[in-house]
Amino acid sequence: MKDWDISDGLEIVCKCGKVHGSITKRVLVGDDAVMQLVDECKKLLSDGWVAVCYAQDCMQYADKVSTLLTDGGYVVHKVCFPSDTVACLEGATDLIEMQEMVRLIVAVGGGSIAQLARYASTIRHNPCVHVMTCTTTADILSATCFGDKSVNPPSCVIFDPRFAKQTSRLLASGYGEICSTVLKNVDVRWAARVGENGSCPYLLQQVEEVVREYIDEFKYCENKDMLTAKTLLIIGLLNQMIEQEITPCDRCVQLLEGVADVEPAPWGINTMIFASTMLGWYKAALKSPTNYMRVGLDRMSTTIGTCQSLGLDGVRVTIAQGKLKYKRQWAWMMREYKEDLADEALLAHTLLMRCMRQFRRIFDDAGYFLADYIDSDRVLKIAEASLVVSPRYTIPVLLAEDGILLE
Ligand SMILES: [Zn+2]
């Protein structure tokens, strides 16, 4: 990723004739990057009140950030959240209700804090700067949060490896998130083909190249944290230019997060588990001859039943996804492109399996961790439930229409 300069965001003069630009214009990655924080803030607010929000377990970093800002002439208002804060609308109340004189929000920490800060900054019309304390996720640059609420992405993001505490679990999560893009690309390409995603195909290709480059570089890279953080940020910037819609894999992770007795795990770990499950299924299902199909599958009752067995309110899950509609030509296109899709799934699956080995090695005892964490039966059950609750034009839904079940 050495060749990627993202300090001024991304601008791509594209083969399609357009110039694509990211919304976030400042992304600083590197040793001592945090020392530029005050300069960056000055571009957004010359002086006055700045809120620094952070989770309890990032207090040491928040203190350093506050000192930098105070030395830079700002008045700092600190907002501390409990360490186990989850990102939800109500959680942002403290930030939204801050005094009016606060004109800039600096978030210090990981994904949840970033989401709360972005939401509050959108409501309050304050710009937002994010100082990362771990590699977190590409989503910190997304234009939505809490599922689908539109928010302003941060104006500036800073990742300084000397300013971050990174566990192997979080590195694995970052690695998992990036590698899962291999599956996401198959889904998005399909959506683009059936006209349900109007994004520029060259941009989609660009994401794939970034992911491939990362996978090759990772093994021999000395600073894996920095490489992973930078790659996630590049993907985040590219995603700002691409129409985003939830993928079947993301939907599975959301369902898993709703299951009460499964320990919470970082997003990227869950996406990696489901990406390999789903892709294995795509590969098998797309190659399967028709006599493998179980015709007449009632997807709705399958989902509701599966959700219930997982302790989820199946009816609510399906209602939340809205009414399902199909275009007739999707099924036709599925037949038309089935062979191509099967080839793509096979290639992606081979690559992802290679990544899975690396993913396990990032943990000291991943075998134990993963086995204890969730059993394959449940993973399959959740994947099956996603047949209904995935967006309507996606591959799993179409395969389910054909009556192919997960095995
Ligand atoms: Zn383009």
# chains A, B, ... in the order shown; residues from 1 in each chain; ligands from 1
call {"tool": "residues_near_ligand", "arguments": {"ligand": "ligand 1", "cutoff": "6 Å", "atoms": "only C-alpha atoms and all ligand atoms", "output": "compact mmCIF listing (two decimals) with N, CA and C atoms, in the first residue's frame"}}
result
# COMPACT_ATOMS: atom_id res chain seq x y z
N CYS A 14 -10.97 8.59 -13.70
CA CYS A 14 -11.36 7.21 -14.01
C CYS A 14 -11.48 6.95 -15.50
N LYS A 15 -11.32 5.69 -15.85
CA LYS A 15 -11.48 5.26 -17.24
C LYS A 15 -12.89 5.53 -17.76
N CYS A 16 -13.86 5.63 -16.82
CA CYS A 16 -15.25 5.87 -17.25
C CYS A 16 -15.47 7.31 -17.71
N LYS A 18 -15.27 9.97 -15.69
CA LYS A 18 -15.59 10.83 -14.55
C LYS A 18 -14.37 10.97 -13.65
N CYS A 200 -19.64 2.75 -10.58
CA CYS A 200 -18.72 2.59 -11.69
C CYS A 200 -17.97 1.26 -11.57
N TYR A 202 -15.21 0.33 -12.74
CA TYR A 202 -13.76 0.48 -12.51
C TYR A 202 -13.45 0.69 -11.04
N LEU A 203 -14.37 1.37 -10.36
CA LEU A 203 -14.17 1.56 -8.92
C LEU A 203 -14.25 0.23 -8.18
call {"tool": "closest_atom_pairs", "arguments": {"of": "stretch 46-116 of chain A", "to": "stretch 23-37 of chain A", "cutoff": "9 Å", "atoms": "only C-alpha atoms", "output": "CSV"}}
result
residue,atom,partner,partner_atom,distance
A:Val65,CA,A:Leu37,CA,8.2
A:Leu68,CA,A:Leu37,CA,7.8
A:Leu69,CA,A:Leu37,CA,8.0
call {"tool": "write_last_selection", "arguments": {"atoms": "C-alpha atoms", "output": "mmCIF file, in the first residue's frame"}}
result
data_model
loop_
_atom_site.group_PDB
_atom_site.id
_atom_site.type_symbol
_atom_site.label_atom_id
_atom_site.label_comp_id
_atom_site.auth_asym_id
_atom_site.auth_seq_id
_atom_site.Cartn_x
_atom_site.Cartn_y
_atom_site.Cartn_z
ATOM 1 C CA VAL A 65 -5.427 14.462 22.756
ATOM 2 C CA LEU A 68 -2.588 18.721 22.501
ATOM 3 C CA LEU A 69 -5.807 20.637 21.892
#
call {"tool": "residues_around", "arguments": {"residues": "stretch 131-139 of chain A", "least_positions_apart": "6", "cutoff": "9 Å", "atoms": "only C-alpha atoms", "output": "compact mmCIF listing (two decimals) with C-alpha atoms, in the first residue's frame"}}
result
# COMPACT_ATOMS: atom_id res chain seq x y z
CA VAL A 34 -1.34 12.44 15.80
CA LEU A 37 -4.07 16.88 15.03
CA CYS A 58 -9.12 4.92 25.96
CA TYR A 61 -5.22 8.61 24.71
CA VAL A 65 -5.43 14.46 22.76
CA VAL A 106 -12.96 14.84 18.21
CA ALA A 107 -13.62 11.13 18.68
CA VAL A 108 -10.84 9.09 20.26
CA GLY A 109 -11.25 5.33 20.02
CA GLY A 110 -12.79 2.58 17.94
CA GLY A 111 -15.90 2.03 15.88
CA ALA A 114 -16.79 6.99 16.00
CA GLN A 115 -20.41 6.18 15.15
CA CYS A 145 -24.41 4.47 10.74
CA CYS A 156 -10.33 13.96 9.06
CA VAL A 157 -9.12 10.57 10.30
CA ILE A 158 -5.80 9.91 12.00
CA PHE A 159 -4.12 6.56 12.63
CA ASP A 160 -0.86 6.69 14.53
CA PRO A 161 0.44 3.21 15.44
CA PHE A 163 -1.04 5.97 19.62
CA ALA A 164 -2.96 2.75 19.35
CA LYS A 165 -3.30 -0.37 21.38
CA GLN A 166 -3.85 -3.21 19.06
CA THR A 167 -4.62 -6.75 20.17
CA LEU A 170 -8.38 -6.67 16.47
CA LEU A 171 -5.70 -7.26 13.87
CA SER A 173 -10.73 -8.52 12.73
CA GLY A 174 -9.20 -6.00 10.34
CA GLU A 177 -12.94 -7.55 7.17
CA ILE A 178 -10.59 -6.87 4.28
CA ASP A 225 -1.17 -2.91 12.06
CA MET A 226 -0.25 0.04 9.91
CA THR A 228 -4.20 -3.11 7.88
CA ALA A 229 -5.31 0.31 9.12
CA LYS A 230 -4.27 1.98 5.89
CA THR A 231 -5.96 -0.64 3.72
CA LEU A 232 -9.21 -0.32 5.67
CA LEU A 233 -9.07 3.44 5.23
CA ILE A 234 -8.41 3.16 1.48
CA ILE A 235 -11.39 0.80 1.18
CA GLY A 236 -13.44 3.21 3.30
CA LEU A 237 -12.57 6.10 0.97
CA ASN A 239 -16.67 3.00 -0.50
CA PRO A 266 -15.41 -7.70 16.48
CA TRP A 267 -17.24 -7.22 13.18
CA GLY A 268 -14.36 -8.41 11.02
call {"tool": "residues_around", "arguments": {"residues": "A:Ala383", "least_positions_apart": "2", "cutoff": "8 Å", "atoms": "only C-alpha atoms", "output": "list in words"}}
result
Cys252, Phe274, Thr277, Met278, Val379, Leu380, Lys381, Ala385, Ser386, Leu387 and Leu406 of chain A
call {"tool": "write_last_selection", "arguments": {"atoms": "N, CA and C atoms", "output": "short mmCIF file (atom, residue, chain, number, x, y, z; two decimals), in the first residue's frame"}}
result
data_model
loop_
_atom_site.label_atom_id
_atom_site.label_comp_id
_atom_site.auth_asym_id
_atom_site.auth_seq_id
_atom_site.Cartn_x
_atom_site.Cartn_y
_atom_site.Cartn_z
N CYS A 252 -25.91 -11.62 7.78
CA CYS A 252 -25.67 -12.75 8.68
C CYS A 252 -25.03 -12.27 9.98
N PHE A 274 -18.54 -15.72 8.23
CA PHE A 274 -19.68 -15.85 7.31
C PHE A 274 -19.27 -15.75 5.85
N THR A 277 -18.34 -19.18 4.91
CA THR A 277 -19.52 -20.06 4.84
C THR A 277 -20.34 -19.77 3.58
N MET A 278 -20.63 -18.50 3.37
CA MET A 278 -21.49 -18.13 2.24
C MET A 278 -20.83 -18.45 0.91
N VAL A 379 -23.83 -21.44 12.53
CA VAL A 379 -23.41 -20.60 11.41
C VAL A 379 -24.30 -20.91 10.20
N LEU A 380 -24.50 -22.20 9.95
CA LEU A 380 -25.32 -22.59 8.81
C LEU A 380 -26.77 -22.15 8.98
N LYS A 381 -27.26 -22.27 10.20
CA LYS A 381 -28.64 -21.86 10.47
C LYS A 381 -28.83 -20.37 10.17
N ALA A 385 -31.12 -18.42 7.42
CA ALA A 385 -32.09 -17.36 7.70
C ALA A 385 -31.86 -16.16 6.79
N SER A 386 -30.61 -15.97 6.39
CA SER A 386 -30.30 -14.81 5.55
C SER A 386 -30.91 -14.93 4.16
N LEU A 387 -31.38 -16.13 3.81
CA LEU A 387 -32.00 -16.31 2.50
C LEU A 387 -33.16 -15.34 2.31
N LEU A 406 -29.09 -24.62 1.92
CA LEU A 406 -27.73 -24.79 2.48
C LEU A 406 -27.58 -26.19 3.04
#
call {"tool": "residues_around", "arguments": {"residues": "A:Ile105", "least_positions_apart": "5", "cutoff": "8 Å", "atoms": "only C-alpha atoms", "output": "PyMOL selection string"}}
result
chain A and resi 50-53+117+121+126-129
call {"tool": "closest_residue", "arguments": {"among": "A:Asp3, A:Asp261, A:Ile269, A:Leu286", "to": "A:Ser168", "atoms": "only C-alpha atoms"}}
result
A:Ile269
call {"tool": "residues_around", "arguments": {"residues": "A:Val186", "least_positions_apart": "6", "cutoff": "8 Å", "atoms": "only C-alpha atoms", "output": "PyMOL selection string"}}
result
chain A and resi 341+344-345+348
call {"tool": "write_last_selection", "arguments": {"atoms": "N, CA and C atoms", "output": "PDB file, in the first residue's frame"}}
result
ATOM      1  N   LEU A 341     -20.909 -16.781 -12.799  1.00  0.00           N
ATOM      2  CA  LEU A 341     -20.954 -16.579 -11.347  1.00  0.00           C
ATOM      3  C   LEU A 341     -20.260 -17.728 -10.631  1.00  0.00           C
ATOM      4  N   GLU A 344     -16.602 -17.235 -10.838  1.00  0.00           N
ATOM      5  CA  GLU A 344     -16.171 -16.162  -9.931  1.00  0.00           C
ATOM      6  C   GLU A 344     -16.161 -16.649  -8.488  1.00  0.00           C
ATOM      7  N   ALA A 345     -17.210 -17.381  -8.125  1.00  0.00           N
ATOM      8  CA  ALA A 345     -17.309 -17.878  -6.744  1.00  0.00           C
ATOM      9  C   ALA A 345     -16.170 -18.853  -6.446  1.00  0.00           C
ATOM     10  N   ALA A 348     -12.920 -16.842  -5.997  1.00  0.00           N
ATOM     11  CA  ALA A 348     -12.975 -16.096  -4.734  1.00  0.00           C
ATOM     12  C   ALA A 348     -12.829 -17.040  -3.551  1.00  0.00           C
TER      13      ALA A 348
END
call {"tool": "closest_residue", "arguments": {"among": "A:Ile374, A:Val38, A:Lys149, A:Asp250", "to": "A:Thr67", "atoms": "only C-alpha atoms"}}
result
A:Val38
call {"tool": "select_by_dssp", "arguments": {"residues": "stretch 82-292 of chain A", "states": "helix (DSSP H, G or I)", "output": "PyMOL selection string"}}
result
chain A and resi 89-96+111-124+138-141+161-163+168-193+201-218+224-239+248-258+267-287+290-292
call {"tool": "residues_around", "arguments": {"residues": "A:Lys42", "least_positions_apart": "6", "cutoff": "10 Å", "atoms": "only C-alpha atoms", "output": "list in words"}}
result
Leu69, Gly72, Gly73 and Tyr74 of chain A
call {"tool": "select_by_dssp", "arguments": {"residues": "stretch 17-50 of chain A", "states": "strand (DSSP E)", "output": "PyMOL selection string"}}
result
chain A and resi 19-21+26-29+48-50
call {"tool": "closest_residue", "arguments": {"among": "A:Gly176, A:Glu263, A:Thr144, A:Leu310", "to": "A:Glu245", "atoms": "only C-alpha atoms"}}
result
A:Thr144
call {"tool": "atom_distance", "arguments": {"atom1": "atom CA of A:Ala285", "atom2": "atom CA of A:Val397"}}
result
12.0 Å
call {"tool": "closest_residue", "arguments": {"among": "A:Thr85, A:Gln244, A:Gln254, A:Ser301", "to": "A:Asp187", "atoms": "only C-alpha atoms"}}
result
A:Gln244
